[in-house]
Every structure is written in structure tokens, then in C-alpha cells.
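One structure is given below, encoded as C-alpha cells.
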Amino acid sequence: MADDSAPPSSQLKTLIVDDEPLAIERLQLLCARQENINLVGTASDGEAAIRLAEQLQPDLLLLDIAMPGMDGLEVAKQLSKLKQPPAIIFVTAFDTFAVEAFGVAAIDYVLKPVETERLSLAISRVLERKTEHIPTMVEDSPWAEEFWVPYKSELRRIAASEINRVEAERDYMRLHVGGGEGSTQSGTSYLLHQTITGLEERLNPEQFIRLHRSHLVRRNWIAGLRHDGGGIWIACLKCGTEIRIGRTHLAAAKKLAGR
């Protein structure tokens, strides 16, 4: 049982869905330590999860992905059609479904074995989203708004608005976040398995510009352009990094300066 000291309005009616009894038992124990969780039921397969969700109208599902029959991704897709769909936190042993999880608008993606602190963080994200009163029906955008990226023993959700620049490293893209002008911190970077062309197609061109075959940069992250006198132009970024502009991208870069 969740801690009754938490105000009812801040408690999330929660349904656990997992085909492994031991996994359900562990999540039940972890939920008992969360004052914002009101556990209303458990389900061991996708079909049962949908039936219970329709009856109990939970605020949150702690949802496994790899289950026999209907998997967690399909459950999330079906529940997204409800008038008031529950928030989804995927709880899984696999880190290979992150892109698909992003596609069904999961709030978080937690890897097993689940730690108390990690679950608390995921729940806090659900509560933040709940207080923002985000409408359930929003206009679809052709551009990616966020990415799931591996980080240590978890997967993190990075908003596209947090990315300052992207640097290609073979079959991976390094997403640079933070480290702004005047900051004493160098920022953080994350690796994403994606080609730079594929990533360029997913990012809003009004916000990002390709400067080189291996570099994408947020437009407002460019502090200035510099010419070295030998026919080479350099983009000077707010973080102090300098990027050589490729010949095929020079015209687009000069348009930033109205040239």
C-alpha cells in the first residue's frame, strides 16, 4: 500500500503489467515505498492489461515490453486511443526498444533490475507532466521532439530543444547538451545509433543547420562566422568550439549572416 500521508490528488492510480510473477512482486514492493503511488491492480498479459485499464482508469502503467501475445508496445498503442490514456513507464530488461517506446510517447524507460531511486525519478516525471496539463490531442509535428539515448545503466530522454550540436562518430551521433556561453561546465554528450543524414531529416531545419558532413548545429548556438583567408570558413559556437564549414554547406551558413 502507498503512504496514505500523500494528498489523494498527488497519488497516481497505478497498474503493474508484467508476465513474470517475481517481477510483479518486486515492483509491488518498490511501489509500496513510493508515497505518490496508489497500486490498484496487476496484470500478467497485454489483453488483461487493456481490460483492467478500461475498468480501473489508472493514471499510470508500469509496463513490461517483452510479453507473450500482445506486447507492451501494442498495449501502449491501444491505450493511447482512450479519451484519457494513462501515462506509460516501460519497465524492461531490454534496451533495444527505446525508439519504439518514444514512438508511443512513453514518459520513461526503466531497465531491470529496477532501483528505488530510478523508479522515483520516473514517477516524478509523470507527476511533472500531469501538473503541466498537457492536452491529450496535440497537432502532429513532422520533427522529432525528443530522443531516447543510452547512458550508463539506463536510457535517458533528451529533448531536441536541449541539443546544441551533433557530431558524427562512425555509425553513431554524439549529441552535445549544455555547456552554454559563460558556463563553467563542458556540458554532457550522449551517443545515438543513427546516421547524420537520418538525424538531419528528423530535426527541424528552422532550428538546426548542417555545417559539415559530420556536424549539425543549432542555429542560435552559432556565435559568428570567421574566414581564415585561405578560402575556408569557420563557425564559432557559443561554447567556444569551432567547426570548419564544408563547401557544400557554405551558402546555407552564409545566409545566417545575410550574405
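We label chains A, B, ... in the order they appear in the C-alpha cells, count residues from 1 in each chain, and number ligands from 1 in the order shown.
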What's the 8 Å shell around range 168-172 of chain A, counting only C-alpha atoms, without same-chain residues fewer than 4 positions away, as JSON, numbers by chain? {"A": [191, 192, 193, 194, 195, 196, 214, 215]}
Go ahead and save the residues from that selection, with N, CA and C atoms, as a CSV table (one decimal), in the first residue's frame.
```
chain,number,residue,atom,x,y,z
A,191,LEU,N,25.6,9.3,-27.0
A,191,LEU,CA,25.7,8.6,-28.3
A,191,LEU,C,24.4,8.0,-28.7
A,192,LEU,N,24.0,8.3,-30.0
A,192,LEU,CA,22.8,7.8,-30.5
A,192,LEU,C,23.1,7.0,-31.8
A,193,HIS,N,22.6,5.8,-31.9
A,193,HIS,CA,22.9,5.0,-33.1
A,193,HIS,C,22.0,5.4,-34.2
A,194,GLN,N,22.5,6.3,-35.1
A,194,GLN,CA,21.7,6.9,-36.2
A,194,GLN,C,22.7,7.5,-37.2
A,195,THR,N,22.4,7.6,-38.4
A,195,THR,CA,23.2,8.3,-39.4
A,195,THR,C,22.9,9.8,-39.3
A,196,ILE,N,23.9,10.6,-39.7
A,196,ILE,CA,23.7,12.0,-39.6
A,196,ILE,C,22.6,12.5,-40.6
A,214,SER,N,29.9,16.0,-41.1
A,214,SER,CA,29.8,15.3,-39.8
A,214,SER,C,29.3,16.2,-38.7
A,215,HIS,N,28.7,17.4,-39.0
A,215,HIS,CA,28.3,18.3,-38.0
A,215,HIS,C,26.9,18.9,-38.3
```
Just want the 7 Å neighbourhood of Ile37 in chain A, counted on only C-alpha atoms, with same-chain residues fewer than 3 positions away dropped. Output as a list in words. Ala2, Gln11, Leu12, Lys13, Thr14, Cys31 and Gln34 of chain A
Just N, CA, C and O atoms for this one: save the residues we selected as a JSON list (two decimals), in the first residue's frame.
```json
[["chain", "number", "residue", "atom", "x", "y", "z"],
["A", 2, "ALA", "N", 0.43, 2.25, -0.71],
["A", 2, "ALA", "CA", 1.17, 3.51, -0.73],
["A", 2, "ALA", "C", 0.95, 4.26, 0.55],
["A", 2, "ALA", "O", 0.00, 4.02, 1.30],
["A", 11, "GLN", "N", -1.55, 11.37, -5.71],
["A", 11, "GLN", "CA", -1.33, 9.94, -5.87],
["A", 11, "GLN", "C", -1.74, 9.48, -7.26],
["A", 11, "GLN", "O", -2.76, 9.92, -7.80],
["A", 12, "LEU", "N", -0.95, 8.60, -7.82],
["A", 12, "LEU", "CA", -1.19, 8.07, -9.15],
["A", 12, "LEU", "C", -1.77, 6.66, -9.04],
["A", 12, "LEU", "O", -1.11, 5.77, -8.51],
["A", 13, "LYS", "N", -2.99, 6.48, -9.52],
["A", 13, "LYS", "CA", -3.56, 5.14, -9.57],
["A", 13, "LYS", "C", -2.73, 4.34, -10.57],
["A", 13, "LYS", "O", -2.66, 4.69, -11.74],
["A", 14, "THR", "N", -2.11, 3.28, -10.09],
["A", 14, "THR", "CA", -1.08, 2.59, -10.89],
["A", 14, "THR", "C", -1.42, 1.13, -11.12],
["A", 14, "THR", "O", -1.85, 0.42, -10.21],
["A", 31, "CYS", "N", 6.77, -0.08, -5.24],
["A", 31, "CYS", "CA", 5.66, 0.87, -5.23],
["A", 31, "CYS", "C", 5.21, 1.19, -3.81],
["A", 31, "CYS", "O", 4.75, 2.31, -3.53],
["A", 34, "GLN", "N", 6.77, 4.22, -2.44],
["A", 34, "GLN", "CA", 6.53, 5.47, -3.14],
["A", 34, "GLN", "C", 5.24, 6.11, -2.62],
["A", 34, "GLN", "O", 4.16, 5.56, -2.80]]
```
Within 6 Å of Leu62 in chain A using only C-alpha atoms, minus same-chain residues under 6 positions, as a list of chain:residue names: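 Neighbouring residues, sequence-local ones excluded: A:Ile16, A:Ile89, A:Phe90.
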Would you output that residue set with C-alpha atoms, as an mmCIF file, in the first residue's frame?
```cif
data_model
loop_
_atom_site.group_PDB
_atom_site.id
_atom_site.type_symbol
_atom_site.label_atom_id
_atom_site.label_comp_id
_atom_site.auth_asym_id
_atom_site.auth_seq_id
_atom_site.Cartn_x
_atom_site.Cartn_y
_atom_site.Cartn_z
ATOM 1 C CA ILE A 16 1.577 -3.101 -12.982
ATOM 2 C CA ILE A 89 6.602 3.931 -17.829
ATOM 3 C CA PHE A 90 8.160 0.972 -19.594
#
```
Would you work out the distance separating CA of Asp95 in chain A from CA of Leu119 in chain A, expressed in Å to one decimal?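 Distance reported for this atom pair: 16.2 Å.
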Between CA of Ala106 in chain A and CA of Ala87 in chain A, what distance in Å does the model show, to one decimal? 7.0 Å
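Note that the spacing between CA of Glu54 in chain A and CA of Thr42 in chain A amounts to 13.3 Å.
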Residue contacts of range 244-258 of chain A (12 Å, only C-alpha atoms) excluding same-chain residues fewer than 3 positions away, as a PyMOL selection string: chain A and resi 205-228+231-237+241
As number ranges by chain, please: every residue in range 81-209 of chain A that a backbone DSSP assignment puts in strand (DSSP E). A: 87-92, 108-111, 146-151, 154-159, 163-169, 172-177, 188-193, 208-209
Excluding range 147-151 of chain A and any residue of its chain fewer than 4 positions from it, enumerate the residues within 8 Å of it, using only C-alpha atoms, and give them as a compact mmCIF listing (two decimals) with C-alpha atoms, in the first residue's frame.
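Done, and the output landed in out_3.txt:
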```txt
# COMPACT_ATOMS: atom_id res chain seq x y z
CA ASP A 95 17.43 -1.55 -24.03
CA ALA A 98 13.82 2.74 -26.87
CA VAL A 99 12.97 4.16 -30.30
CA PHE A 102 9.48 7.07 -27.93
CA LEU A 155 18.16 5.15 -21.08
CA ARG A 156 17.62 8.89 -20.90
CA ARG A 157 15.10 11.02 -22.71
CA ILE A 158 16.74 14.04 -24.35
CA ALA A 159 14.57 16.82 -25.73
CA ALA A 160 15.57 18.11 -29.15
CA TYR A 190 25.26 11.13 -25.48
CA LEU A 191 25.73 8.60 -28.28
CA LEU A 192 22.80 7.76 -30.52
```
